[in-house]
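Asks: What follows is model03.txt; its format and atoms are compact mmCIF, C-alpha atoms.
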```txt
# COMPACT_ATOMS: atom_id res chain seq x y z
CA MET A 3 107.66 102.10 76.03
CA ASP A 4 110.66 103.50 77.95
CA VAL A 5 112.87 100.77 76.52
CA ILE A 6 111.56 101.27 72.99
CA ASP A 7 112.21 105.01 73.19
CA LEU A 8 115.74 104.42 74.46
CA PHE A 9 116.50 102.27 71.45
CA ARG A 10 115.30 105.05 69.18
CA GLU A 11 117.51 107.67 70.78
CA LYS A 12 120.87 108.32 69.14
CA GLY A 13 123.70 107.32 71.44
CA THR A 14 121.53 105.41 73.91
CA VAL A 15 121.13 102.14 72.03
CA ASP A 16 122.10 99.39 74.45
CA GLU A 17 123.42 96.58 72.27
CA LEU A 18 125.53 95.01 75.03
CA GLY A 19 123.15 95.28 77.98
CA LEU A 20 124.93 98.05 79.87
CA GLY A 21 121.72 100.04 80.36
CA THR A 22 120.88 98.75 83.84
CA ILE A 23 124.28 99.82 85.11
CA ARG A 24 124.19 103.13 83.26
CA ASP A 25 120.72 103.98 84.55
CA ALA A 26 121.58 103.16 88.16
CA ILE A 27 124.35 105.76 88.02
CA ALA A 28 122.16 108.24 86.12
CA ASP A 29 119.40 107.91 88.72
CA ARG A 30 121.89 108.77 91.45
CA LEU A 31 123.23 111.80 89.64
CA PHE A 32 120.15 113.15 87.83
CA PRO A 33 117.01 111.58 89.37
CA GLY A 34 113.65 112.11 87.72
CA THR A 35 115.15 112.62 84.26
CA SER A 36 114.89 110.57 81.08
CA THR A 37 116.60 110.66 77.71
CA VAL A 38 113.23 111.09 76.00
CA MET A 39 112.43 114.31 77.87
CA SER A 40 112.78 117.56 75.97
CA ARG A 41 112.12 120.70 78.06
CA ALA A 42 111.66 121.56 81.73
CA ARG A 43 108.27 123.22 81.32
CA TYR A 44 106.59 119.87 80.73
CA TYR A 45 107.06 119.30 84.47
CA LEU A 46 104.39 122.00 84.77
CA LEU A 47 102.31 121.55 81.61
CA VAL A 48 101.31 118.04 82.67
CA PRO A 49 100.02 118.97 86.15
CA TRP A 50 98.32 122.08 84.79
CA THR A 51 96.48 119.94 82.25
CA TYR A 52 95.49 117.39 84.87
CA ARG A 53 94.45 120.02 87.39
CA SER A 54 92.16 121.58 84.83
CA LEU A 55 90.40 118.24 84.29
CA GLU A 56 90.25 117.58 88.02
CA ALA A 57 88.72 121.01 88.63
CA ARG A 58 85.90 120.03 86.26
CA GLN A 59 85.69 116.63 87.95
CA VAL A 60 86.01 114.70 84.72
CA PRO A 61 84.97 111.14 85.68
CA ALA A 62 87.27 108.13 85.57
CA THR A 63 85.44 106.73 82.57
CA GLU A 64 86.40 109.81 80.54
CA PHE A 65 89.61 110.97 82.21
CA ALA A 66 92.24 109.18 80.12
CA ARG A 67 90.60 110.17 76.82
CA ARG A 68 90.09 113.80 77.87
CA ALA A 69 93.64 114.04 79.19
CA ARG A 70 95.02 112.69 75.92
CA ASN A 71 92.98 115.14 73.87
CA ALA A 72 94.10 118.03 76.06
CA GLU A 73 97.76 117.11 75.66
CA LEU A 74 97.45 116.70 71.91
CA ALA A 75 95.69 120.06 71.66
CA LEU A 76 98.79 121.73 73.14
CA ILE A 77 101.02 120.60 70.28
CA PRO A 78 99.83 123.15 67.66
CA VAL A 79 99.57 125.83 70.34
CA ILE A 80 103.21 125.37 71.33
CA ALA A 81 104.16 125.23 67.65
CA GLU A 82 102.87 128.81 67.26
CA SER A 83 104.65 130.12 70.37
CA ASP A 84 107.86 132.11 70.76
CA ASP A 85 109.69 129.11 72.29
CA ARG A 86 108.76 125.83 70.63
CA GLU A 87 112.06 123.91 70.44
CA GLY A 88 111.48 120.49 72.00
CA ASN A 89 107.73 120.47 71.30
CA ILE A 90 106.81 116.82 71.90
CA GLY A 91 104.68 115.54 69.04
CA ARG A 92 105.40 118.35 66.61
CA ARG A 93 105.72 115.83 63.78
CA ALA A 94 103.28 113.11 64.81
CA ARG A 95 100.65 115.59 66.00
CA PHE A 96 97.42 113.70 66.74
CA ALA A 97 99.04 110.35 65.91
CA LEU A 98 101.46 110.78 68.83
CA LYS A 99 101.86 107.51 70.75
CA ARG A 100 103.90 108.62 73.76
CA LEU A 101 102.34 111.61 75.48
CA PRO A 102 104.29 114.09 77.59
CA SER A 103 102.40 112.94 80.70
CA SER A 104 103.70 109.41 80.16
CA ILE A 105 107.26 110.62 79.63
CA TYR A 106 107.27 112.87 82.70
CA TRP A 107 105.01 110.85 85.03
CA ALA A 108 107.82 109.18 86.99
CA GLY A 109 109.90 112.36 87.05
CA LEU A 110 106.99 114.33 88.48
CA ARG A 111 106.93 111.96 91.44
CA VAL A 112 110.70 111.96 91.95
CA TRP A 113 110.83 115.77 91.87
CA GLY A 114 108.01 115.89 94.42
CA ILE A 115 105.60 117.66 92.09
CA ARG A 116 103.15 114.75 91.97
CA ASN A 117 102.04 113.15 95.23
CA GLY A 118 101.81 109.39 95.56
CA ASN A 119 103.32 106.49 93.66
CA ALA A 120 100.36 105.46 91.53
CA PRO A 121 101.06 104.45 87.93
CA GLN A 122 99.38 106.74 85.45
CA ALA A 123 96.69 104.24 84.42
CA ASP A 124 95.80 103.60 88.09
CA TYR A 125 95.59 107.33 88.68
CA HIS A 126 93.09 107.68 85.83
CA ARG A 127 90.97 104.81 87.12
CA SER A 128 90.95 106.09 90.69
CA ILE A 129 90.20 109.74 90.01
CA ASP A 130 86.62 109.43 91.26
CA ALA A 131 87.94 108.33 94.65
CA LEU A 132 90.16 111.38 94.73
CA TYR A 133 87.13 113.60 94.13
CA ARG A 134 85.26 111.96 97.00
CA ARG A 135 88.14 112.45 99.40
CA ALA A 136 88.56 116.07 98.33
CA LYS A 137 84.86 116.63 99.00
CA VAL A 138 85.03 115.57 102.62
CA GLN A 139 88.18 117.72 103.06
CA ARG A 140 90.10 115.44 105.34
CA SER A 141 92.72 117.09 107.49
CA ARG A 142 96.33 116.26 106.56
CA SER A 143 96.92 115.27 110.16
CA GLU A 144 94.10 112.74 110.07
CA ALA A 145 95.19 109.11 109.95
CA ARG A 146 95.40 107.83 106.39
CA ASP A 147 94.33 104.53 104.96
CA VAL A 148 97.81 103.20 104.25
CA GLU A 149 96.57 100.73 101.64
CA HIS A 150 95.22 103.56 99.48
CA ASP A 151 97.68 106.27 100.47
CA ASP A 152 98.55 107.05 96.85
CA PHE A 153 95.29 108.94 96.49
CA GLU A 154 94.80 110.11 100.05
CA ARG A 155 96.55 113.42 99.58
CA ASP A 156 96.17 116.21 97.03
CA SER A 157 97.40 115.15 93.62
CA TRP A 158 99.97 117.89 93.25
CA HIS A 159 102.39 119.80 95.43
CA GLY A 160 100.72 122.61 97.33
CA THR A 161 103.00 125.34 95.94
CA LEU A 162 102.59 124.36 92.29
CA PRO A 163 102.33 127.69 90.42
CA ALA A 164 99.01 128.49 88.85
CA ALA A 165 98.88 128.16 85.09
CA PRO A 166 98.99 131.42 83.12
CA ALA A 167 95.58 132.99 82.60
CA ASN A 168 95.71 132.30 78.86
CA PHE A 169 96.64 128.62 79.25
CA PRO A 170 95.94 126.42 77.27
CA ARG A 171 94.94 128.82 74.49
CA GLU A 172 98.52 130.09 74.49
CA CYS A 173 101.55 128.11 75.59
CA SER A 174 105.30 128.23 75.08
CA LEU A 175 108.12 126.15 76.55
CA ARG A 176 109.79 129.14 78.21
CA LEU A 177 109.60 129.17 82.01
CA ARG A 178 108.33 132.18 83.90
CA ASP A 179 110.39 133.20 86.93
CA VAL A 180 107.75 131.69 89.24
CA ASP A 181 107.93 128.42 87.29
CA ALA A 182 111.72 128.31 87.43
CA GLU A 183 111.81 129.10 91.14
CA PHE A 184 109.30 126.33 91.85
CA LEU A 185 111.24 123.72 89.89
CA ALA A 186 114.52 124.81 91.47
CA HIS A 187 113.00 124.54 94.94
CA ARG A 188 111.52 121.13 94.21
CA VAL A 189 114.84 119.75 92.96
CA CYS A 190 116.69 121.10 96.01
CA THR A 191 114.18 119.93 98.62
CA ALA A 192 112.27 116.88 97.33
CA LYS A 193 113.24 113.61 99.00
CA GLY A 194 114.08 111.94 95.70
CA THR A 195 116.41 114.68 94.46
CA ARG A 196 117.81 116.76 97.30
CA ASN A 197 121.01 114.73 97.77
CA SER A 198 121.75 114.41 94.07
CA LEU A 199 124.21 116.15 91.78
CA LEU A 200 121.17 117.65 90.04
CA ALA A 201 120.27 119.46 93.27
CA GLU A 202 123.87 120.57 93.74
CA LEU A 203 123.92 122.11 90.28
CA VAL A 204 120.54 123.81 90.74
CA HIS A 205 121.56 125.16 94.14
CA ARG A 206 124.72 126.72 92.74
CA ARG A 207 122.82 128.18 89.79
CA VAL A 208 125.91 128.38 87.59
CA PRO A 209 125.06 127.42 83.98
CA TRP A 210 127.46 125.32 81.92
CA ASP A 211 126.16 124.30 78.52
CA GLU A 212 129.35 123.34 76.70
CA GLU A 213 129.51 119.94 75.05
CA GLY A 214 131.27 117.29 77.07
CA HIS A 215 130.79 114.98 80.02
CA ILE A 216 129.74 115.80 83.55
CA TRP A 217 133.23 115.04 84.89
CA GLN A 218 134.53 117.87 82.70
CA HIS A 219 132.38 120.43 84.53
CA PRO A 220 134.55 123.36 85.70
CA ASP A 221 133.13 123.14 89.25
CA ALA A 222 133.57 119.37 89.59
CA ALA A 223 136.40 119.55 92.12
CA SER A 224 134.28 121.60 94.54
CA TRP A 225 131.24 119.31 94.71
CA ARG A 226 130.43 117.29 97.82
CA ALA A 227 132.74 114.34 98.35
CA ASP A 228 130.00 111.74 97.87
CA LEU A 229 129.00 113.28 94.55
CA CYS A 230 132.60 113.46 93.38
CA GLU A 231 132.95 109.78 94.19
CA ILE A 232 129.93 108.80 92.09
CA VAL A 233 131.08 110.98 89.18
CA HIS A 234 134.54 109.40 89.39
CA HIS A 235 133.09 105.90 89.13
CA ALA A 236 130.73 107.00 86.36
CA ARG A 237 133.66 108.29 84.37
CA MET A 238 135.72 105.13 84.84
CA PHE A 239 132.87 102.87 83.71
CA SER A 240 131.96 105.10 80.77
CA GLU A 241 135.51 105.31 79.47
CA ILE A 242 136.48 101.68 79.76
CA MET A 243 133.21 100.23 78.42
CA HIS A 244 133.26 102.57 75.43
CA GLY A 245 135.80 100.22 73.88
CA ALA A 246 133.35 97.31 73.97
CA VAL A 247 130.71 99.35 72.12
CA LEU A 248 133.22 100.42 69.49
CA LEU A 249 134.42 96.84 69.04
CA TYR A 250 130.82 95.65 68.57
CA ASN A 251 130.28 98.09 65.70
CA HIS A 252 133.72 97.33 64.25
CA LEU A 253 132.95 93.61 64.16
CA LEU A 254 129.61 94.18 62.45
CA MET A 255 131.22 96.23 59.69
CA GLY A 256 133.77 93.47 59.12
CA LEU A 257 131.15 90.73 58.95
CA LEU A 258 129.30 92.76 56.33
CA GLY A 259 132.47 93.00 54.26
CA LYS A 260 132.71 96.75 54.71
CA GLU A 261 135.65 98.86 55.74
CA SER A 262 135.21 99.80 59.38
CA VAL A 263 134.74 103.48 60.10
CA PHE A 264 135.44 102.84 63.79
CA THR A 265 139.17 102.10 63.60
CA GLY A 266 140.12 105.69 64.35
CA ASP A 267 137.70 105.85 67.28
CA PHE A 268 139.13 102.62 68.64
CA ASP A 269 142.67 103.98 68.41
CA GLU A 270 141.60 107.09 70.34
CA TRP A 271 140.04 104.88 72.99
CA ALA A 272 143.23 102.81 73.25
CA ASP A 273 145.25 106.01 73.66
CA LEU A 274 142.93 107.08 76.48
CA MET A 275 143.29 103.73 78.22
CA GLU A 276 147.08 103.99 78.07
CA ASP A 277 147.06 107.58 79.34
CA ARG A 278 144.84 106.60 82.28
CA GLU A 279 146.42 103.26 83.02
CA ALA A 280 147.45 104.34 86.52
CA ALA A 281 143.93 105.55 87.35
CA TYR A 282 142.41 102.27 86.25
CA GLY A 283 145.01 100.34 88.18
CA CYS A 284 143.76 101.78 91.47
CA TRP A 285 140.05 101.93 90.58
CA ASN A 286 138.01 100.51 93.46
CA LYS A 287 135.69 98.32 91.42
CA SER A 288 134.05 96.80 94.50
CA ARG A 289 132.95 100.26 95.58
CA PHE A 290 131.62 100.91 92.08
CA TRP A 291 129.36 97.87 92.32
CA GLU A 292 128.23 98.94 95.80
CA ILE A 293 127.08 102.30 94.43
CA VAL A 294 125.26 100.67 91.52
CA ARG A 295 123.52 98.09 93.73
CA GLU A 296 122.47 100.72 96.25
CA GLN A 297 120.36 102.16 93.44
CA ASN A 298 119.45 98.86 91.74
CA PRO A 299 119.63 95.89 94.13
CA ARG A 300 118.33 93.58 91.40
CA LEU A 301 121.22 94.17 89.03
CA GLY A 302 121.69 91.06 86.91
CA ALA A 303 124.78 88.89 87.32
CA ARG A 304 125.29 88.56 83.57
CA ALA A 305 125.80 92.30 83.12
CA THR A 306 128.36 92.46 85.91
CA THR A 307 130.18 89.36 84.63
CA PHE A 308 130.45 90.83 81.13
CA ALA A 309 131.75 94.17 82.43
CA GLU A 310 134.30 92.54 84.71
CA SER A 311 135.50 90.23 81.93
CA TRP A 312 136.03 93.23 79.68
CA TRP A 313 137.92 95.09 82.42
CA ASP A 314 140.23 92.13 82.99
CA MET A 315 140.89 91.84 79.27
CA VAL A 316 141.81 95.51 78.99
CA ALA A 317 144.10 95.28 82.02
CA LYS A 318 145.87 92.08 80.99
CA GLY A 319 145.94 92.23 77.21
CA GLY A 320 146.33 95.92 76.58
CA ALA A 321 143.61 98.04 75.03
CA ARG A 322 145.35 98.43 71.68
CA ARG A 323 145.47 94.68 71.02
CA ILE A 324 141.82 94.03 71.86
CA CYS A 325 140.60 95.10 68.43
CA ASP A 326 142.34 92.05 66.96
CA SER A 327 141.79 89.70 69.89
CA ASN A 328 139.68 86.62 69.17
CA VAL A 329 138.99 86.32 72.88
CA ALA A 330 137.58 89.87 72.94
CA HIS A 331 135.56 89.18 69.79
CA ARG A 332 134.07 86.08 71.37
CA LEU A 333 133.23 87.90 74.59
CA VAL A 334 131.29 90.63 72.75
CA LYS A 335 129.55 88.14 70.47
CA GLU A 336 128.49 85.88 73.35
CA ARG A 337 127.16 88.89 75.24
CA GLU A 338 124.94 89.93 72.34
CA VAL A 339 123.69 86.36 71.85
CA GLN A 340 123.00 86.20 75.58
CA LEU A 341 120.80 89.28 75.25
CA LYS A 342 119.10 88.74 71.89
CA GLY A 343 119.31 85.06 71.09
CA LYS A 344 118.65 84.41 67.40
CA LEU A 345 118.29 88.12 66.72
CA ALA A 346 121.94 88.80 67.61
CA ARG A 347 123.58 90.48 64.62
CA LEU A 348 127.03 89.08 65.26
CA ALA A 349 125.61 85.56 64.96
CA ASN A 350 122.80 86.02 62.43
CA LEU A 351 123.35 87.07 58.82
CA SER A 352 119.79 88.23 58.18
CA ALA A 353 119.84 90.33 61.36
CA ARG A 354 123.11 91.91 60.20
CA GLU A 355 121.70 92.73 56.81
CA ARG A 356 118.84 94.62 58.45
CA TRP A 357 121.28 96.69 60.52
CA ASN A 358 121.10 100.40 59.76
CA GLN A 359 124.70 100.95 60.92
CA ASN A 360 123.49 103.04 63.83
CA SER A 361 124.02 101.11 67.03
CA GLY A 362 124.99 104.03 69.18
CA THR A 363 128.73 104.53 69.52
CA GLY A 364 128.64 107.48 71.89
CA GLN A 365 130.26 107.25 75.29
CA LEU A 366 127.86 106.82 78.22
CA ASP A 367 126.85 110.27 79.51
CA TYR A 368 124.28 109.24 82.14
CA ARG A 369 121.62 111.67 80.78
CA TRP A 370 123.91 114.66 81.15
CA GLY A 371 122.76 115.91 77.73
CA ILE A 372 119.08 116.23 78.65
CA THR A 373 120.02 117.43 82.14
CA GLN A 374 121.90 120.35 80.59
CA THR A 375 118.76 121.30 78.68
CA LEU A 376 116.58 121.12 81.80
CA LEU A 377 119.07 123.15 83.82
CA LYS A 378 119.34 125.78 81.11
CA ASP A 379 115.55 126.14 81.05
CA ILE A 380 115.47 126.63 84.82
CA PHE A 381 118.40 129.04 84.91
CA ASP A 382 117.05 131.08 81.99
CA GLY A 383 113.78 131.49 83.88
CA LEU A 384 115.32 132.58 87.18
CA PRO A 385 115.64 136.26 88.08
CA GLN A 386 119.07 137.66 87.25
CA VAL A 387 121.16 140.00 89.38
CA ASP A 388 124.47 141.81 88.93
CA ASP A 389 127.30 140.70 91.20
CA PRO A 390 129.86 143.17 92.66
CA ASN A 391 132.08 142.63 89.63
CA GLY A 392 129.36 143.72 87.26
CA ASN A 393 128.64 140.24 85.94
CA THR A 394 125.07 139.10 85.47
CA THR A 395 124.21 135.87 87.25
CA HIS A 396 121.21 134.06 88.67
CA ALA A 397 119.88 135.01 92.04
CA PRO A 398 121.16 132.61 94.73
CA SER A 399 118.79 130.00 96.11
```
Mind turning the file's structure into structure tokens?

Replies:
Amino acid sequence: MDVIDLFREKGTVDELGLGTIRDAIADRLFPGTSTVMSRARYYLLVPWTYRSLEARQVPATEFARRARNAELALIPVIAESDDREGNIGRRARFALKRLPSSIYWAGLRVWGIRNGNAPQADYHRSIDALYRRAKVQRSRSEARDVEHDDFERDSWHGTLPAAPANFPRECSLRLRDVDAEFLAHRVCTAKGTRNSLLAELVHRRVPWDEEGHIWQHPDAASWRADLCEIVHHARMFSEIMHGAVLLYNHLLMGLLGKESVFTGDFDEWADLMEDREAAYGCWNKSRFWEIVREQNPRLGARATTFAESWWDMVAKGGARRICDSNVAHRLVKEREVQLKGKLARLANLSARERWNQNSGTGQLDYRWGITQTLLKDIFDGLPQVDDPNGNTTHAPS
């Protein structure tokens, strides 16, 4: 379902199999996020919904169904609230396939809001065991059964704010100050997030919601050295591989006998490559792969081979000539065939004819777009104070 949702998201379509590399970098920078997330308050709405069911000790046989119904019931409630932008399911309503709990389940664990590593379906099936353990009130210092440790502790972090008294009869996506403080604290202290750029940004509490890439952030030069290094490599990979994505779309338009609308974009990319030729000449590509593999040790060899072949071609042949290079055309075509087989558009006429001309031509942003939304939600919910210069800012963490 994660993969399917990614392919539906504008700008995230992964026609050339760069997603595993992109996501490894994104998980280092912004852990616990996903492109299909919408608002930060779902990090709380999901546990509040589950806690309510747990408090009533809904049995395992009923838990998944009751949880789904409770989540669906929130959709019209949020729709009537004063902050409803990003309401998941506002169109599908009760036909919604992907529930917020499914979208946020992994992120809840990474941010340290949900205890244990159990998949959502396993959690539902094992809820009765959780009730039994809660009943005997084991001490946290008591030795745990390692095999079943996922359900040995409380389900949710001990400082999770209580839901508003009128929840779920009333619900908006605006964070209260107590909600925002909790999420900020979790991001800055949870094991899965505390060393990330996400935590650095939350700790500084300086909003920046302008369009652009993370390496354009006005505070970028002052971040920790290890974070600056990752952002540097993320930028290099995003910029140079953007040409391959543009070429893919350009080739498809040509094969369909249509005038390419990507020529101008490709020229801009070639200009960028020429302007940054010196930077690419000293790019430590070995270190880039080390960073990626630290996050994803199972990175496939085919993805790395394709990327390195593209890099070599840009360095040796010149970016501006690649658009007309048969070698470059063959490289991109073979990569798509490698990924999709007979469904590859560059090799299959019927597949091309079904193309909706939306293969995602945006530059890789490593989930910075959704991260900006989550940060804005948190910062908007934090208490504000006036600094000595009379400017209003967020209270320091």

Asks: With only C-alpha atoms as the counted atoms, please give the residues lying no more than 9 Å from A:Tyr133, apart from itself and same-chain residues fewer than 5 positions off, as an mmCIF file with C-alpha atoms, in the frame of the given file.

Replies:
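out32.cif written:
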```
data_model
loop_
_atom_site.group_PDB
_atom_site.id
_atom_site.type_symbol
_atom_site.label_atom_id
_atom_site.label_comp_id
_atom_site.auth_asym_id
_atom_site.auth_seq_id
_atom_site.Cartn_x
_atom_site.Cartn_y
_atom_site.Cartn_z
ATOM 1 C CA GLU A 56 90.250 117.580 88.020
ATOM 2 C CA GLN A 59 85.690 116.630 87.950
ATOM 3 C CA VAL A 138 85.030 115.570 102.620
#
```

Asks: With all atoms listed in the file as the atoms that count, which of A:Tyr125, A:Trp357, A:Phe169, A:Phe381 lies nearest to A:Pro61?

Replies: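 Smallest separation from A:Pro61 among the options: A:Tyr125.
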
Asks: Using only C-alpha atoms, which residues sit within 10 Å of stretch 186-197 of chain A once same-chain residues fewer than 5 positions away are excluded, as an NGL selection string?

Replies: :A and (29-34 or 109-115 or 159 or 161-162 or 180-181 or 202-205 or 207 or 226 or 228-229 or 377 or 380-381 or 384 or 399)

Asks: Quick one: pull the distance between atom CA of A:Ala321 and atom CA of A:Ala272, Å, one decimal.

Replies: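 Atom CA of A:Ala321 sits 5.1 Å away from atom CA of A:Ala272.
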
Asks: With only C-alpha atoms as the counted atoms, please give the residues lying no more than 9 Å from stretch 38-54 of chain A, apart from itself and same-chain residues fewer than 3 positions off, as a VMD selection string.

Replies: chain A and resid 4 7 to 8 11 35 57 to 59 69 72 to 73 87 to 90 102 to 103 105 to 107 109 to 110 115 to 116 157 to 158 162 to 165 169 to 170 173 to 177 181 to 182 185 372 375 to 380

Asks: How many Å lie between atom CA of A:His235 and atom CA of A:Asp326, rounded to one decimal?

Replies: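 Answer for the atom CA of A:His235 to atom CA of A:Asp326 separation: 27.7 Å.
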
Asks: Give the answer as one residue: which of A:Ala305, A:Ala131, A:Leu248, A:Ile27 has the shortest atom-to-atom distance to A:Val233, using all atoms listed in the file?

Replies: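 Checking each candidate against A:Val233, we get A:Ile27 as the closest.
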
Asks: Can you work out which one of A:Ala94, A:Val60, A:Glu241, A:Arg171 has the shortest atom-to-atom distance to A:Asp277, counting only C-alpha atoms?

Replies: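 Closest to A:Asp277 of all the choices is A:Glu241.
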
Asks: So how far away is atom CA of A:Ile129 from atom CA of A:Ala75, in Å?

Replies: 21.8 Å

Asks: From the list A:Thr265, A:Asn117, A:Gln365, A:Ser36, which residue is nearest A:Asn251 when using only C-alpha atoms?

Replies: A:Thr265

Asks: Might you pull out every residue within 12 Å of A:Arg337, with only C-alpha atoms counted and same-chain residues fewer than 5 positions away left off, and present them as a list in words?

Replies: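 The filter keeps Asp16, Glu17, Leu18, Gly19, Leu20, Ala246, Val247, Tyr250, Arg304, Ala305, Thr306, Thr307, Phe308, Ala309, Ser311, Trp312, Ala330, His331, Arg332, Lys342, Gly343, Ala346, Arg347, Leu348 and Ala349 of chain A.
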
Asks: Counting only C-alpha atoms, find the residues whose atoms lie at most 12 Å from (122.7, 110.2, 84.2) (file coordinates) and write them out as a PyMOL selection string.

Replies: chain A and resi 14+21-37+198-200+215-217+232-233+236-237+240+366-374

Asks: So, counting all atoms listed in the file, which residue among A:Val79, A:Leu341, A:Met275, A:Val294 is closest to A:Arg323?

Replies: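 Ranked by minimum distance to A:Arg323, first place goes to A:Met275.
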
Asks: Which residue out of A:Phe239, A:Phe264, A:Trp271, A:Phe184 has the minimum interatomic distance to A:Trp291 when only C-alpha atoms are used?

Replies: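 Smallest distance to A:Trp291 is found for A:Phe239.
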
Asks: If we count all atoms listed in the file, what is near A:Ser262 at a cut-off of 12 Å, once residues fewer than 2 positions away on the same chain are taken out, given as a VMD selection string?

Replies: chain A and resid 248 to 260 264 to 268 325 359

Asks: N, CA and C atoms are what I want for stretch 30-48 of chain A; can you complete it accordingly and write them as a compact mmCIF listing (two decimals), in the frame of the given file?

Replies:
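What follows is the written file selection_13.txt:
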```txt
# COMPACT_ATOMS: atom_id res chain seq x y z
N ARG A 30 121.24 108.17 90.29
CA ARG A 30 121.89 108.77 91.45
C ARG A 30 122.29 110.21 91.17
N LEU A 31 122.75 110.46 89.98
CA LEU A 31 123.23 111.80 89.64
C LEU A 31 122.10 112.75 89.26
N PHE A 32 121.20 112.29 88.39
CA PHE A 32 120.15 113.15 87.83
C PHE A 32 118.79 112.48 87.97
N PRO A 33 118.29 112.29 89.18
CA PRO A 33 117.01 111.58 89.37
C PRO A 33 115.84 112.32 88.74
N GLY A 34 114.86 111.53 88.29
CA GLY A 34 113.65 112.11 87.72
C GLY A 34 113.81 112.59 86.30
N THR A 35 114.93 112.23 85.65
CA THR A 35 115.15 112.62 84.26
C THR A 35 115.05 111.40 83.37
N SER A 36 114.96 111.64 82.07
CA SER A 36 114.89 110.57 81.08
C SER A 36 115.44 111.10 79.77
N THR A 37 116.04 110.22 78.99
CA THR A 37 116.60 110.66 77.71
C THR A 37 115.53 111.10 76.72
N VAL A 38 114.28 110.72 76.94
CA VAL A 38 113.23 111.09 76.00
C VAL A 38 112.50 112.38 76.42
N MET A 39 112.97 113.00 77.50
CA MET A 39 112.43 114.31 77.87
C MET A 39 112.97 115.35 76.89
N SER A 40 112.33 116.52 76.88
CA SER A 40 112.78 117.56 75.97
C SER A 40 113.00 118.89 76.67
N ARG A 41 112.02 119.38 77.43
CA ARG A 41 112.12 120.70 78.06
C ARG A 41 111.56 120.63 79.48
N ALA A 42 112.04 121.56 80.32
CA ALA A 42 111.66 121.56 81.73
C ALA A 42 110.20 121.95 81.94
N ARG A 43 109.62 122.72 81.04
CA ARG A 43 108.27 123.22 81.32
C ARG A 43 107.21 122.12 81.29
N TYR A 44 107.54 120.97 80.70
CA TYR A 44 106.59 119.87 80.73
C TYR A 44 106.35 119.37 82.16
N TYR A 45 107.29 119.63 83.07
CA TYR A 45 107.06 119.30 84.47
C TYR A 45 105.89 120.11 85.04
N LEU A 46 105.51 121.17 84.35
CA LEU A 46 104.39 122.00 84.77
C LEU A 46 103.18 121.84 83.84
N LEU A 47 103.43 121.68 82.54
CA LEU A 47 102.31 121.55 81.61
C LEU A 47 101.45 120.33 81.93
N VAL A 48 102.08 119.25 82.34
CA VAL A 48 101.31 118.04 82.67
C VAL A 48 100.41 118.27 83.88
```
